[in-house]
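Structure file upload13.txt (compact mmCIF, C-alpha atoms) is printed below.
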# COMPACT_ATOMS: atom_id res chain seq x y z
CA MET A 1 -50.25 -84.13 184.09
CA ASP A 2 -52.52 -81.16 184.62
CA GLY A 3 -54.56 -81.67 181.49
CA VAL A 4 -58.23 -81.34 180.61
CA HIS A 5 -58.76 -85.01 181.53
CA ASP A 6 -58.47 -83.96 185.20
CA MET A 7 -62.06 -82.73 185.33
CA GLY A 8 -63.08 -82.82 188.98
CA GLY A 9 -64.84 -79.55 189.84
CA MET A 10 -64.63 -77.92 186.40
CA HIS A 11 -67.53 -75.71 185.34
CA GLY A 12 -69.27 -75.19 182.05
CA PHE A 13 -69.87 -78.70 180.72
CA GLY A 14 -73.64 -78.63 181.13
CA ARG A 15 -76.10 -81.30 182.18
CA ALA A 16 -74.95 -84.72 183.36
CA VAL A 17 -77.57 -86.64 181.36
CA TRP A 18 -79.16 -86.13 177.98
CA PRO A 19 -81.11 -88.30 175.54
CA GLY A 20 -78.91 -91.08 174.21
CA ALA A 21 -76.32 -90.81 177.00
CA ASP A 22 -77.37 -94.13 178.53
CA ALA A 23 -75.78 -96.33 175.88
CA ALA A 24 -72.19 -97.55 176.26
CA TYR A 25 -71.67 -96.79 172.57
CA HIS A 26 -73.65 -96.05 169.45
CA GLU A 27 -71.54 -97.25 166.54
CA ARG A 28 -70.30 -100.68 165.60
CA TRP A 29 -66.65 -99.59 165.35
CA GLU A 30 -66.55 -98.38 168.96
CA PRO A 31 -66.50 -101.74 170.80
CA ARG A 32 -64.09 -103.04 168.14
CA VAL A 33 -61.65 -100.22 168.94
CA PHE A 34 -62.13 -101.02 172.62
CA ALA A 35 -61.15 -104.63 171.84
CA ILE A 36 -58.18 -103.58 169.68
CA GLN A 37 -56.82 -101.37 172.45
CA ILE A 38 -57.08 -104.31 174.88
CA LEU A 39 -55.30 -106.58 172.38
CA VAL A 40 -52.54 -104.01 171.80
CA GLY A 41 -51.86 -104.13 175.53
CA LEU A 42 -52.20 -107.85 176.21
CA GLU A 43 -50.37 -108.93 173.05
CA ARG A 44 -47.62 -106.36 173.74
CA LEU A 45 -47.93 -104.72 170.34
CA GLY A 46 -47.50 -101.18 171.65
CA ALA A 47 -44.93 -99.10 173.45
CA GLY A 48 -45.01 -96.08 175.70
CA PRO A 49 -46.66 -95.46 179.03
CA GLY A 50 -49.96 -97.27 178.35
CA GLY A 51 -53.24 -96.25 176.80
CA ARG A 52 -54.42 -93.94 179.53
CA PRO A 53 -51.30 -91.74 179.85
CA VAL A 54 -51.17 -91.52 176.05
CA ARG A 55 -54.78 -90.30 175.94
CA GLU A 56 -53.88 -87.67 178.53
CA GLU A 57 -51.18 -86.40 176.16
CA MET A 58 -53.76 -85.60 173.48
CA ASP A 59 -54.09 -81.99 172.44
CA PRO A 60 -56.61 -80.56 174.95
CA ALA A 61 -59.05 -79.29 172.33
CA GLN A 62 -58.84 -82.61 170.49
CA TYR A 63 -59.39 -84.54 173.75
CA LEU A 64 -62.57 -82.61 174.52
CA ALA A 65 -63.88 -82.84 170.97
CA ALA A 66 -63.25 -86.58 170.68
CA SER A 67 -65.74 -89.22 171.74
CA TYR A 68 -64.58 -91.76 174.31
CA TYR A 69 -63.68 -94.44 171.78
CA GLU A 70 -62.05 -91.92 169.45
CA ARG A 71 -59.61 -91.36 172.31
CA TRP A 72 -59.06 -95.10 172.54
CA LEU A 73 -58.43 -95.21 168.79
CA TYR A 74 -55.87 -92.44 169.21
CA SER A 75 -54.06 -94.24 172.03
CA ALA A 76 -54.05 -97.59 170.20
CA GLU A 77 -52.52 -95.93 167.11
CA GLN A 78 -49.95 -94.03 169.15
CA ARG A 79 -48.81 -97.10 171.05
CA LEU A 80 -48.47 -99.12 167.82
CA LEU A 81 -46.50 -96.31 166.16
CA ARG A 82 -44.19 -95.84 169.15
CA LYS A 83 -43.29 -99.54 169.14
CA GLY A 84 -42.82 -99.53 165.35
CA THR A 85 -45.52 -102.19 164.94
CA ILE A 86 -47.04 -99.91 162.32
CA SER A 87 -45.43 -97.03 160.45
CA PRO A 88 -46.68 -93.50 159.78
CA GLY A 89 -48.98 -93.41 156.76
CA GLU A 90 -50.00 -97.06 156.87
CA ILE A 91 -53.43 -96.44 158.37
CA GLU A 92 -54.11 -93.72 155.79
CA ALA A 93 -53.02 -96.08 153.01
CA MET A 94 -55.44 -98.74 154.28
CA MET A 95 -58.20 -96.12 154.53
CA GLU A 96 -57.70 -95.41 150.83
CA ARG A 97 -57.84 -99.11 149.96
CA LEU A 98 -61.07 -99.56 151.94
CA SER A 99 -62.57 -96.41 150.43
CA ALA A 100 -61.80 -97.82 147.00
CA GLY A 101 -63.98 -100.80 147.88
CA GLU A 102 -61.41 -103.38 148.89
CA THR A 103 -62.69 -106.11 151.19
CA GLU A 104 -61.31 -105.92 154.71
CA PRO A 105 -58.72 -108.60 155.36
CA GLU A 106 -59.42 -110.93 158.26
CA HIS A 107 -57.08 -113.04 160.30
CA HIS A 108 -58.25 -116.07 162.23
CA ASP A 109 -56.44 -117.31 165.29
CA HIS A 110 -58.77 -118.94 167.76
CA ALA A 111 -55.97 -119.49 170.26
CA MET A 112 -55.48 -115.72 170.49
CA ALA A 113 -59.19 -115.28 171.26
CA GLU A 114 -59.00 -117.90 174.02
CA ARG A 115 -55.84 -116.34 175.43
CA ILE A 116 -57.40 -112.86 175.57
CA LEU A 117 -60.58 -114.09 177.23
CA ALA A 118 -58.51 -115.94 179.83
CA ASP A 119 -56.45 -112.79 180.49
CA LEU A 120 -59.58 -110.67 180.90
CA ARG A 121 -61.02 -113.15 183.41
CA THR A 122 -57.86 -113.37 185.51
CA PRO A 123 -57.95 -111.04 188.51
CA MET A 124 -54.75 -109.22 189.43
CA PRO A 125 -55.44 -107.80 192.90
CA MET A 126 -53.09 -105.44 194.72
CA GLY A 127 -50.94 -107.01 197.41
CA ALA A 128 -50.75 -105.94 201.05
CA PRO A 129 -48.13 -103.34 202.05
CA ALA A 130 -44.75 -104.89 202.86
CA GLU A 131 -44.34 -102.89 206.07
CA ASP A 132 -46.53 -101.03 208.51
CA PRO A 133 -48.06 -98.15 206.58
CA ARG A 134 -46.86 -94.70 207.55
CA PHE A 135 -50.38 -93.37 208.22
CA ASP A 136 -53.06 -94.85 210.48
CA PRO A 137 -56.84 -94.84 210.11
CA GLY A 138 -58.28 -91.59 211.42
CA GLN A 139 -55.02 -89.70 210.96
CA ARG A 140 -55.26 -86.34 209.20
CA VAL A 141 -53.05 -85.93 206.14
CA ARG A 142 -52.48 -83.21 203.59
CA VAL A 143 -52.21 -83.91 199.89
CA LYS A 144 -48.93 -82.48 198.65
CA ARG A 145 -48.88 -79.41 196.43
CA MET A 146 -47.44 -80.57 193.12
CA HIS A 147 -47.53 -79.94 189.41
CA PRO A 148 -46.40 -83.16 187.75
CA PRO A 149 -45.77 -82.92 183.99
CA GLY A 150 -46.44 -86.64 183.48
CA HIS A 151 -49.14 -89.15 184.38
CA THR A 152 -50.49 -88.94 187.91
CA ARG A 153 -53.48 -90.27 189.83
CA CYS A 154 -53.57 -87.33 192.18
CA PRO A 155 -56.32 -85.02 190.88
CA ARG A 156 -55.81 -81.26 191.10
CA TYR A 157 -58.89 -80.70 193.23
CA VAL A 158 -57.44 -82.49 196.28
CA ARG A 159 -53.93 -81.03 196.20
CA GLY A 160 -53.25 -79.01 199.32
CA ALA A 161 -56.42 -80.26 200.99
CA VAL A 162 -56.50 -81.98 204.37
CA GLY A 163 -58.38 -85.26 204.68
CA ALA A 164 -58.59 -88.25 207.00
CA ILE A 165 -57.15 -91.70 206.37
CA GLU A 166 -60.03 -94.18 206.13
CA GLY A 167 -57.93 -97.28 205.61
CA VAL A 168 -55.29 -98.98 203.47
CA ARG A 169 -56.50 -100.37 200.16
CA GLY A 170 -53.33 -102.32 199.40
CA ALA A 171 -49.87 -101.75 197.95
CA ASP A 172 -49.23 -100.63 194.41
CA ARG A 173 -46.43 -99.10 192.35
CA LEU A 174 -46.59 -95.32 192.04
CA PRO A 175 -48.04 -94.82 188.55
CA ASP A 176 -46.35 -91.42 188.19
CA ARG A 177 -43.09 -93.36 187.77
CA SER A 178 -44.01 -96.95 186.97
CA VAL A 179 -45.92 -96.17 183.75
CA TYR A 180 -42.67 -94.77 182.32
CA GLY A 181 -40.87 -98.05 183.03
CA GLU A 182 -39.15 -97.04 186.27
CA GLN A 183 -38.63 -99.88 188.70
CA VAL A 184 -40.33 -98.78 191.90
CA ASP A 185 -41.46 -100.80 194.90
CA PRO A 186 -45.15 -101.01 195.75
CA GLU A 187 -46.22 -98.51 198.38
CA PRO A 188 -49.40 -98.22 200.47
CA VAL A 189 -52.50 -96.84 198.78
CA TYR A 190 -54.93 -95.25 201.22
CA SER A 191 -58.57 -94.36 201.10
CA VAL A 192 -58.65 -90.69 202.12
CA GLY A 193 -61.89 -88.87 202.90
CA PHE A 194 -62.37 -85.12 202.43
CA SER A 195 -65.19 -82.85 203.52
CA SER A 196 -66.92 -80.86 200.81
CA GLU A 197 -66.12 -77.66 202.71
CA GLU A 198 -62.39 -78.47 202.63
CA LEU A 199 -62.45 -79.11 198.88
CA TRP A 200 -64.90 -76.50 197.65
CA GLY A 201 -65.60 -74.05 200.45
CA PRO A 202 -69.14 -73.19 201.53
CA ALA A 203 -71.84 -74.63 199.26
CA GLU A 204 -75.58 -74.39 198.87
CA GLU A 205 -75.95 -78.16 199.15
CA PRO A 206 -75.76 -79.88 202.56
CA ALA A 207 -72.19 -81.03 203.25
CA TRP A 208 -70.98 -84.23 201.56
CA THR A 209 -67.75 -86.20 201.56
CA VAL A 210 -65.48 -87.22 198.70
CA SER A 211 -63.13 -90.17 199.12
CA LEU A 212 -60.21 -91.02 196.86
CA ASP A 213 -57.56 -93.72 196.78
CA LEU A 214 -54.17 -92.03 197.06
CA TRP A 215 -50.62 -93.38 197.01
CA GLU A 216 -48.49 -92.67 200.10
CA SER A 217 -46.13 -90.50 198.01
CA TYR A 218 -48.97 -88.00 197.47
CA LEU A 219 -49.52 -87.46 201.20
CA GLU A 220 -47.80 -85.68 204.07
CA PRO A 221 -48.61 -85.58 207.78
CA VAL A 222 -50.48 -82.53 209.06
CA MET B 1 -75.47 -105.78 168.33
CA THR B 2 -74.27 -109.38 168.21
CA ASP B 3 -73.47 -109.69 164.54
CA GLY B 4 -69.74 -110.05 165.08
CA HIS B 5 -67.66 -108.22 162.55
CA ASP B 6 -70.25 -107.06 160.07
CA HIS B 7 -68.46 -104.26 158.29
CA HIS B 8 -71.13 -103.58 155.72
CA HIS B 9 -72.81 -100.32 156.53
CA PRO B 10 -75.76 -98.92 154.68
CA ARG B 11 -74.59 -95.32 155.07
CA PRO B 12 -71.30 -93.60 154.25
CA ALA B 13 -68.61 -94.22 156.83
CA SER B 14 -67.52 -91.29 158.96
CA ALA B 15 -63.83 -90.41 158.95
CA VAL B 16 -63.29 -91.90 162.40
CA GLU B 17 -65.20 -95.05 161.54
CA LEU B 18 -63.12 -95.50 158.40
CA ARG B 19 -59.96 -94.96 160.42
CA ALA B 20 -61.03 -97.54 163.01
CA ARG B 21 -61.82 -100.08 160.29
CA ALA B 22 -58.48 -99.37 158.63
CA LEU B 23 -56.58 -99.97 161.85
CA GLU B 24 -58.32 -103.30 162.36
CA ALA B 25 -57.72 -104.25 158.71
CA LEU B 26 -54.04 -103.36 158.94
CA LEU B 27 -53.50 -105.42 162.09
CA ALA B 28 -55.42 -108.37 160.62
CA GLU B 29 -53.48 -108.23 157.35
CA ARG B 30 -50.23 -108.35 159.34
CA GLU B 31 -51.67 -111.25 161.38
CA LEU B 32 -50.95 -109.33 164.57
CA VAL B 33 -54.51 -109.31 165.85
CA SER B 34 -57.06 -111.98 165.10
CA THR B 35 -60.52 -111.06 163.95
CA ASP B 36 -61.94 -113.73 166.25
CA ALA B 37 -60.15 -112.24 169.26
CA ILE B 38 -61.79 -108.87 168.56
CA ASP B 39 -65.15 -110.58 168.11
CA ALA B 40 -64.65 -112.49 171.35
CA VAL B 41 -63.94 -109.35 173.40
CA VAL B 42 -66.90 -107.50 171.88
CA GLU B 43 -69.22 -110.43 172.52
CA LEU B 44 -67.93 -110.89 176.07
CA TYR B 45 -69.01 -107.37 177.04
CA GLU B 46 -72.22 -107.47 175.01
CA ASN B 47 -73.50 -110.83 176.22
CA ASP B 48 -71.79 -112.12 179.35
CA VAL B 49 -70.56 -109.13 181.30
CA GLY B 50 -72.95 -106.36 182.27
CA PRO B 51 -75.09 -104.90 185.06
CA GLN B 52 -77.09 -108.15 185.23
CA ASN B 53 -74.04 -109.55 187.06
CA GLY B 54 -73.96 -106.78 189.66
CA ALA B 55 -77.73 -107.10 190.09
CA LYS B 56 -77.29 -110.77 191.05
CA VAL B 57 -74.67 -109.77 193.61
CA VAL B 58 -76.97 -107.13 195.14
CA ALA B 59 -80.04 -109.38 195.19
CA HIS B 60 -78.05 -112.18 196.82
CA ALA B 61 -76.81 -109.76 199.50
CA TRP B 62 -80.42 -108.69 200.14
CA VAL B 63 -81.61 -112.22 200.89
CA ASP B 64 -78.51 -113.63 202.59
CA ASP B 65 -77.10 -111.65 205.53
CA ALA B 66 -73.97 -113.79 205.75
CA TYR B 67 -73.25 -113.11 202.08
CA ARG B 68 -73.85 -109.39 202.63
CA GLY B 69 -71.25 -109.49 205.40
CA ARG B 70 -68.72 -111.22 203.15
CA LEU B 71 -69.49 -108.83 200.30
CA LEU B 72 -68.67 -105.82 202.46
CA SER B 73 -65.63 -107.31 204.22
CA ASN B 74 -64.12 -109.32 201.36
CA PRO B 75 -65.74 -108.13 198.15
CA ASN B 76 -63.35 -109.72 195.62
CA GLU B 77 -64.01 -113.20 196.97
CA ALA B 78 -67.72 -112.68 197.57
CA ILE B 79 -68.22 -111.48 193.98
CA ALA B 80 -66.12 -114.41 192.71
CA GLU B 81 -68.46 -116.77 194.61
CA LEU B 82 -71.13 -115.85 192.06
CA GLY B 83 -68.69 -116.39 189.19
CA PHE B 84 -67.75 -112.78 188.41
CA GLY B 85 -64.33 -111.13 188.32
CA GLY B 86 -61.43 -110.13 186.12
CA ALA B 87 -60.14 -107.01 184.41
CA GLU B 88 -61.22 -103.75 186.06
CA GLY B 89 -62.67 -105.69 188.97
CA ASP B 90 -59.42 -106.77 190.58
CA ASN B 91 -59.80 -104.62 193.67
CA MET B 92 -63.48 -104.25 194.44
CA VAL B 93 -64.92 -102.20 197.27
CA VAL B 94 -68.65 -102.40 197.95
CA VAL B 95 -70.21 -99.37 199.62
CA ALA B 96 -73.59 -99.87 201.29
CA ASN B 97 -76.35 -97.30 201.34
CA THR B 98 -78.18 -96.80 204.65
CA PRO B 99 -81.12 -94.58 205.64
CA ILE B 100 -78.60 -91.78 206.30
CA VAL B 101 -75.80 -92.49 203.80
CA HIS B 102 -76.05 -92.47 200.01
CA ASN B 103 -73.03 -93.52 197.95
CA MET B 104 -72.20 -92.60 194.38
CA ILE B 105 -69.19 -93.47 192.24
CA VAL B 106 -67.27 -91.47 189.65
CA CYS B 107 -63.88 -91.37 187.98
CA THR B 108 -62.88 -87.73 187.51
CA LEU B 109 -59.56 -88.49 185.78
CA CYS B 110 -60.62 -91.20 183.37
CA SER B 111 -63.73 -93.37 183.32
CA CYS B 112 -62.75 -96.24 185.59
CA TYR B 113 -65.65 -98.57 186.20
CA PRO B 114 -66.13 -102.10 187.59
CA TRP B 115 -66.46 -104.01 184.31
CA PRO B 116 -67.06 -107.54 185.72
CA VAL B 117 -70.19 -106.46 187.62
CA LEU B 118 -71.45 -103.50 185.54
CA GLY B 119 -70.06 -104.05 182.03
CA LEU B 120 -68.90 -101.06 179.99
CA PRO B 121 -69.87 -97.62 181.31
CA PRO B 122 -72.69 -95.52 179.87
CA THR B 123 -71.75 -92.49 177.80
CA TRP B 124 -72.72 -90.03 180.54
CA TYR B 125 -70.35 -91.71 183.02
CA LYS B 126 -67.45 -91.10 180.61
CA SER B 127 -68.44 -87.54 179.73
CA PRO B 128 -67.17 -84.24 181.13
CA PRO B 129 -70.34 -83.07 182.98
CA TYR B 130 -70.60 -86.11 185.26
CA ARG B 131 -66.84 -86.41 185.75
CA ALA B 132 -66.60 -82.70 186.65
CA ARG B 133 -69.68 -82.27 188.79
CA ALA B 134 -70.21 -85.53 190.73
CA VAL B 135 -67.54 -84.45 193.22
CA SER B 136 -68.40 -80.74 193.40
CA GLU B 137 -72.23 -80.68 193.31
CA PRO B 138 -73.50 -84.23 193.75
CA ARG B 139 -77.06 -83.28 194.69
CA ALA B 140 -77.49 -81.12 191.62
CA VAL B 141 -76.25 -84.05 189.50
CA LEU B 142 -78.57 -86.52 191.23
CA ARG B 143 -81.54 -84.19 190.65
CA GLU B 144 -80.81 -84.35 186.91
CA PHE B 145 -81.13 -88.13 187.21
CA GLY B 146 -84.47 -87.59 188.96
CA LEU B 147 -83.15 -88.49 192.39
CA GLU B 148 -83.97 -86.08 195.22
CA LEU B 149 -82.54 -87.07 198.61
CA GLY B 150 -83.54 -85.57 201.96
CA ASP B 151 -81.15 -83.26 203.77
CA GLU B 152 -80.72 -85.91 206.50
CA VAL B 153 -78.98 -88.18 203.98
CA GLN B 154 -75.25 -87.70 203.78
CA ILE B 155 -73.79 -88.16 200.33
CA ARG B 156 -70.50 -89.99 200.00
CA VAL B 157 -68.80 -89.73 196.63
CA TRP B 158 -66.10 -92.25 195.70
CA ASP B 159 -63.63 -91.05 193.06
CA SER B 160 -61.93 -94.12 191.52
CA SER B 161 -58.50 -92.48 191.36
CA ALA B 162 -56.44 -95.67 191.82
CA GLU B 163 -57.03 -99.35 191.01
CA VAL B 164 -59.98 -99.82 193.36
CA ARG B 165 -63.34 -100.17 191.64
CA TYR B 166 -66.55 -99.46 193.51
CA LEU B 167 -70.02 -100.96 193.55
CA VAL B 168 -72.91 -99.35 195.42
CA LEU B 169 -75.05 -101.76 197.44
CA PRO B 170 -78.45 -100.07 197.51
CA MET B 171 -81.04 -100.68 200.23
CA ARG B 172 -83.71 -103.23 199.50
CA PRO B 173 -86.87 -101.22 198.84
CA ALA B 174 -90.09 -101.60 200.79
CA GLY B 175 -92.78 -103.69 199.14
CA THR B 176 -90.48 -106.54 198.11
CA ASP B 177 -91.21 -109.00 200.95
CA GLY B 178 -91.37 -112.53 199.66
CA TRP B 179 -89.85 -111.69 196.28
CA SER B 180 -87.51 -114.24 194.79
CA GLU B 181 -83.84 -113.41 194.28
CA GLN B 182 -84.50 -113.30 190.55
CA GLU B 183 -87.38 -110.85 190.96
CA LEU B 184 -85.22 -108.70 193.22
CA ALA B 185 -82.33 -108.69 190.73
CA ALA B 186 -84.70 -107.40 188.05
CA ILE B 187 -85.22 -104.09 189.90
CA VAL B 188 -81.51 -103.50 190.54
CA THR B 189 -80.62 -101.28 187.61
CA ARG B 190 -77.14 -100.24 186.57
CA ASP B 191 -77.70 -96.71 187.88
CA CYS B 192 -78.67 -98.08 191.33
CA MET B 193 -75.20 -99.61 191.53
CA ILE B 194 -73.46 -96.40 190.39
CA GLY B 195 -75.54 -94.44 192.88
CA THR B 196 -77.53 -92.23 190.52
CA ALA B 197 -80.80 -94.08 191.14
CA LEU B 198 -82.57 -96.11 193.80
CA PRO B 199 -84.30 -99.43 193.23
CA VAL B 200 -88.08 -99.20 193.34
CA ALA B 201 -90.48 -102.09 193.87
CA GLY B 202 -92.61 -102.56 190.80
CA GLN B 203 -90.51 -100.23 188.65
CA PRO B 204 -90.20 -101.48 185.10
CA VAL B 205 -86.78 -102.95 184.43
CA GLY B 206 -84.55 -100.14 183.19
CA ALA B 207 -80.91 -99.67 182.32
Step by step, read the file and then write its structure as structure tokens.
Amino acid sequence: MDGVHDMGGMHGFGRAVWPGADAAYHERWEPRVFAIQILVGLERLGAGPGGRPVREEMDPAQYLAASYYERWLYSAEQRLLRKGTISPGEIEAMMERLSAGETEPEHHDHAMAERILADLRTPMPMGAPAEDPRFDPGQRVRVKRMHPPGHTRCPRYVRGAVGAIEGVRGADRLPDRSVYGEQVDPEPVYSVGFSSEELWGPAEEPAWTVSLDLWESYLEPV
Amino acid sequence: MTDGHDHHHPRPASAVELRARALEALLAERELVSTDAIDAVVELYENDVGPQNGAKVVAHAWVDDAYRGRLLSNPNEAIAELGFGGAEGDNMVVVANTPIVHNMIVCTLCSCYPWPVLGLPPTWYKSPPYRARAVSEPRAVLREFGLELGDEVQIRVWDSSAEVRYLVLPMRPAGTDGWSEQELAAIVTRDCMIGTALPVAGQPVGA
């Protein structure tokens, strides 16, 4: 999806660091929303294509105005609503109850805490490609021109550019299809290196390289 | 920061804060999400998982060449040797700085970050300026972090577009001969492992 989340190369956002930008978060509710979003996923309370694609569907102005964990709050709510775990208006009703001074309900289930911690500590590495990958290290490839309306991991700034295969990272399902529930086989994911000149044209800075991890479906031979 | 689920705030709640508290309250009332599970996740990333883990990995690689080799060739297992791993660290790649190569990591599409070794990302890493500019003017970005690299140093930017998560292995700075692994780990800041800073001997322990 060619939304505002796809930020590589955009101008106008200002300085990369500013006072206060070092903290992971500033407010108590932020890590709790982070935890809720993780629980929505691991406890299968939500529906839809996952937190990240849902955040990409946010209204662009809203996305840019929201803080990081406001976006996570949005995606947690959306996933719960889409599954029917909660209904429209229920959060607002609870906001009114809390504003009126009601004590927040708690629920204690230590087994759930243990289960979540175990899930978070369990690595789920990519497998190796089933067959010989189509592209070899050193081979030049072009990123396909495309304009996908849904989730993709192929940023705009590399589309149409020619890079060199640096290696195979593993095999993974194409997220453009798998996040919507399509059954697709894992395919090779390559590290592909691009020169700064190829991506951005001549620059004042000495040349640099940018490497990305790209699914085979995004690439074509040169 | 470790007070669990203390919901009692001295100031009026913002609209988003109230909304977040209401969502948690709703899920707890329905017994769908346990308050202790939320506490456990928050505490995990506040106390156990953070850049102190990555710093131990880097310091160990500095003093043990065989470990350094394993870390570069088989990073998942080498990091697991020190007890670290899990969500958002399933497919680690460690990129080593040299006198002529400087690595930096970014996620232009999202804010992907190697949680098991660095914890949760700083606000700037998740914000539009860094996500937009790290790939298109890395030296200008590094200068804003106070890092000026010579023209002979080639910058390599790694955009975490898939499930791979990156860790920068900085060079061990001069002036650290004879330091213990623990002393070395203390100068490996979070930003050194993202690639927006370099470790300095004698520098006060930072982020």
Could you list, with a cut-off of 6 Å and counting all atoms listed in the file, the residues of chain B near chain A, each shown with its nearest atom pair and the distance in Å rounded to one decimal, rows sorted by chain and ascending number, as CSV?
residue,atom,partner,partner_atom,distance
B:Ala22,CA,A:Met95,CA,5.2
B:Leu23,CA,A:Ile91,CA,5.9
B:Ala25,CA,A:Pro105,CA,5.6
B:Ala28,CA,A:His107,CA,5.0
B:Glu29,CA,A:Pro105,CA,5.6
B:Glu31,CA,A:His107,CA,5.8
B:Ser34,CA,A:His107,CA,4.9
B:Thr35,CA,A:His107,CA,5.4
B:Asp36,CA,A:Ala113,CA,5.9
B:Ala37,CA,A:Ala113,CA,3.8
B:Ile38,CA,A:Ala35,CA,5.4
B:Val41,CA,A:Ala35,CA,5.7
B:Val42,CA,A:Pro31,CA,5.9
B:Gly86,CA,A:Arg121,CA,4.1
B:Ala87,CA,A:Leu120,CA,5.1
B:Asp90,CA,A:Pro125,CA,4.7
B:Asn91,CA,A:Pro125,CA,5.5
B:Thr108,CA,A:Gly8,CA,5.1
B:Leu109,CA,A:Asp6,CA,4.7
B:Pro121,CA,A:Ala24,CA,5.6
B:Pro122,CA,A:Ala24,CA,4.2
B:Thr123,CA,A:Ala21,CA,4.9
B:Trp124,CA,A:Ala21,CA,5.1
B:Pro129,CA,A:Ala16,CA,4.9
B:Tyr130,CA,A:Ala16,CA,4.9
B:Ala132,CA,A:Gly8,CA,4.2
B:Arg133,CA,A:Gly9,CA,5.7
B:Ser136,CA,A:Gly9,CA,5.2
B:Gln154,CA,A:Trp208,CA,5.9
B:Ile155,CA,A:Trp208,CA,5.0
B:Arg156,CA,A:Thr209,CA,4.9
B:Val157,CA,A:Val210,CA,4.6
B:Trp158,CA,A:Ser211,CA,5.0
B:Asp159,CA,A:Leu212,CA,5.1
B:Ser161,CA,A:Asp213,CA,5.6
B:Ala162,CA,A:Asp213,CA,5.4
Same residues, C-alpha atoms, saved as a tab-separated table (two decimals), in the frame of the given file:
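Ended up saving to part-v9.tsv:
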chain	number	residue	atom	x	y	z
B	22	ALA	CA	-58.48	-99.37	158.63
B	23	LEU	CA	-56.58	-99.97	161.85
B	25	ALA	CA	-57.72	-104.25	158.71
B	28	ALA	CA	-55.42	-108.37	160.62
B	29	GLU	CA	-53.48	-108.23	157.35
B	31	GLU	CA	-51.67	-111.25	161.38
B	34	SER	CA	-57.06	-111.98	165.10
B	35	THR	CA	-60.52	-111.06	163.95
B	36	ASP	CA	-61.94	-113.73	166.25
B	37	ALA	CA	-60.15	-112.24	169.26
B	38	ILE	CA	-61.79	-108.87	168.56
B	41	VAL	CA	-63.94	-109.35	173.40
B	42	VAL	CA	-66.90	-107.50	171.88
B	86	GLY	CA	-61.43	-110.13	186.12
B	87	ALA	CA	-60.14	-107.01	184.41
B	90	ASP	CA	-59.42	-106.77	190.58
B	91	ASN	CA	-59.80	-104.62	193.67
B	108	THR	CA	-62.88	-87.73	187.51
B	109	LEU	CA	-59.56	-88.49	185.78
B	121	PRO	CA	-69.87	-97.62	181.31
B	122	PRO	CA	-72.69	-95.52	179.87
B	123	THR	CA	-71.75	-92.49	177.80
B	124	TRP	CA	-72.72	-90.03	180.54
B	129	PRO	CA	-70.34	-83.07	182.98
B	130	TYR	CA	-70.60	-86.11	185.26
B	132	ALA	CA	-66.60	-82.70	186.65
B	133	ARG	CA	-69.68	-82.27	188.79
B	136	SER	CA	-68.40	-80.74	193.40
B	154	GLN	CA	-75.25	-87.70	203.78
B	155	ILE	CA	-73.79	-88.16	200.33
B	156	ARG	CA	-70.50	-89.99	200.00
B	157	VAL	CA	-68.80	-89.73	196.63
B	158	TRP	CA	-66.10	-92.25	195.70
B	159	ASP	CA	-63.63	-91.05	193.06
B	161	SER	CA	-58.50	-92.48	191.36
B	162	ALA	CA	-56.44	-95.67	191.82
Could you work out how far CA of Tyr166 (chain B) lies from CA of Val106 (chain B), giving the answer in Å with one decimal? 8.9 Å
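Excluding region 192-195 of chain B itself and same-chain residues fewer than 6 positions from it, the residues having an atom within 8 Å of it are Gly54, His102, Asn103, Met104, Ile105, Val106, Leu167, Val168, Leu169 and Pro170 of chain B, counting only C-alpha atoms.
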Proximity to Gly50 (chain A) - best of A:Ser217, A:Ser87, A:Gln62, A:Ser75, only C-alpha atoms: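 Closest to Gly50 (chain A) of all the choices is A:Ser75.
Picture a line from CA of Ala171 (chain A) to CA of Pro186 (chain A); it runs 5.3 Å.
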Tell me, in Å to one decimal, how far CA of Arg172 (chain B) is from CA of Val153 (chain B).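 CA of Val153 (chain B) lies at a distance of 16.4 Å from CA of Arg172 (chain B).
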For a quick check of your reading of the model, name the residues lying within 8 Å of the coordinate (-71.0, -102.3, 180.2), counting only C-alpha atoms, and write them as a PDB file with C-alpha atoms, in the coordinates of the input.
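Saved the output as part_28.pdb:
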ATOM      1  CA  ALA A  24     -72.190 -97.550 176.260  1.00  0.00           C
TER       2      ALA A  24
ATOM      3  CA  TYR B  45     -69.010-107.370 177.040  1.00  0.00           C
ATOM      4  CA  GLU B  46     -72.220-107.470 175.010  1.00  0.00           C
ATOM      5  CA  VAL B  49     -70.560-109.130 181.300  1.00  0.00           C
ATOM      6  CA  GLY B  50     -72.950-106.360 182.270  1.00  0.00           C
ATOM      7  CA  PRO B  51     -75.090-104.900 185.060  1.00  0.00           C
ATOM      8  CA  TRP B 115     -66.460-104.010 184.310  1.00  0.00           C
ATOM      9  CA  LEU B 118     -71.450-103.500 185.540  1.00  0.00           C
ATOM     10  CA  GLY B 119     -70.060-104.050 182.030  1.00  0.00           C
ATOM     11  CA  LEU B 120     -68.900-101.060 179.990  1.00  0.00           C
ATOM     12  CA  PRO B 121     -69.870 -97.620 181.310  1.00  0.00           C
ATOM     13  CA  PRO B 122     -72.690 -95.520 179.870  1.00  0.00           C
TER      14      PRO B 122
END
I need the residue nearest Lys56 (chain B) from this list: B:Glu181, B:Glu43, B:Asp191, B:Glu81. Use only C-alpha atoms for the distance.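 Closest to Lys56 (chain B), using only C-alpha atoms: B:Glu181.
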